[in-house]
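Report on the following structure.
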Amino acid sequence: TSLVWRQPAQALLRARTSHGCVLSAQCFASTYTTSTTSGDDTTPALTPLQRARLSLQAAAGALADPSRADLVAALGETTGDFALRAMARRLNNTPHGRGILETQPLFDDAFYDACARAPPSTLGAAYHTFMTKRGFHPSERPAVRYVSNDDARGAAGDLKYVMLRYRQVHDIWHVLFGLNTTVFGELVLKAIEARQTGLPMCYMSAFVAPAARLPRAQRERFYAVYLPWAWRAGNTCVDLMAVDYNEAVEKPLEDVRREWRISVAPAQVAITPSSPSSGS
């Protein structure tokens, strides 16, 4: 679905917002031409006004068309500075978290291959099955464009990496919580992500988007049953940004869930062989 970022993070392509403004690659390139370089990536140097404008346009466009993964990504990046810094501080406050910030492990081909070799009923095997059935691959996650590391080194860590890690763990959270990739399942997971990460984009997806995107019966059930469950689940489990997924690949999935205090979603949105492969 649209609620994460499977498409490349290109400059904002065509999307009409509720104000009638068309976002296009040409318009964006001509508006935000100054950039700063951090590592191998180039980050547009946005003024506060430009950042606010981009956030509003991305929010309106993403709400109107949730399939616009580029708009959802831009919204998460332009509104997430405070939450990213808080996550980086949490990581930096533990030895294992500091190791994550220093080594910056990725869900790359090596990780995916290890999952493919993992024994049945393990976290790695379940994750690999989830991804292959839907035609997903971890490498599809785009680069982070609108988060700058200029003031993020040292105690705050690497904010660009924290955002990328958030995107990369999304699919394995689907597996851990037993949530499918329908729009409904994605919105439930966004509520868990809101509690775990504090990202404003997740809050908007969990609390506002259901009212606009779900049919009445689903919307009522979402707010009455699944949103409270998701909030409790995100609050009860460990900090899932700070766990070692590589070390857990060959552990039985149920053991990992117990160790990380994860509760599985109510059956109506649990992963089943017939779950729609709508992306995530």
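Ligands are numbered from 1 in the order shown, chains are lettered A, B, ... in the order of the structure tokens, and residues start at 1 in each chain.
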Taking 4 positions as the minimum chain separation for residues in the same chain, which residues sit within 12 Å of Gly99 of chain A when counting only C-alpha atoms? Answer as a list of chain:residue names.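 My list of contacting residues is A:Ala88, A:Leu91, A:Asn92, A:Asn93, A:Thr94, A:Pro95, A:Thr103, A:Gln104, A:Pro105, A:Gly157, A:Ala242, A:Val243, A:Asp244.
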Could you list, with a cut-off of 9 Å and counting only C-alpha atoms, the residues of segment 216-241 of chain A near segment 180-193 of chain A, each shown with its nearest atom pair and the distance in Å rounded to one decimal, rows sorted by chain and ascending number, as JSON lines?
```
{"residue": "A:Gln218", "atom": "CA", "partner": "A:Phe184", "partner_atom": "CA", "distance": 7.8}
{"residue": "A:Arg219", "atom": "CA", "partner": "A:Phe184", "partner_atom": "CA", "distance": 8.8}
{"residue": "A:Phe222", "atom": "CA", "partner": "A:Val188", "partner_atom": "CA", "distance": 7.7}
{"residue": "A:Tyr226", "atom": "CA", "partner": "A:Val188", "partner_atom": "CA", "distance": 6.4}
{"residue": "A:Leu227", "atom": "CA", "partner": "A:Val188", "partner_atom": "CA", "distance": 6.4}
{"residue": "A:Pro228", "atom": "CA", "partner": "A:Ala191", "partner_atom": "CA", "distance": 8.9}
{"residue": "A:Trp229", "atom": "CA", "partner": "A:Val188", "partner_atom": "CA", "distance": 8.8}
{"residue": "A:Ala230", "atom": "CA", "partner": "A:Ile192", "partner_atom": "CA", "distance": 5.1}
{"residue": "A:Trp231", "atom": "CA", "partner": "A:Ile192", "partner_atom": "CA", "distance": 5.8}
{"residue": "A:Arg232", "atom": "CA", "partner": "A:Ile192", "partner_atom": "CA", "distance": 8.2}
{"residue": "A:Ala233", "atom": "CA", "partner": "A:Ile192", "partner_atom": "CA", "distance": 6.7}
{"residue": "A:Gly234", "atom": "CA", "partner": "A:Ile192", "partner_atom": "CA", "distance": 4.6}
{"residue": "A:Asn235", "atom": "CA", "partner": "A:Ile192", "partner_atom": "CA", "distance": 8.0}
```
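The smallest atom-to-atom distance between Thr236 of chain A and any of A:His128, A:Arg165, A:Arg90, A:Arg195, using only C-alpha atoms, is found for A:Arg195.
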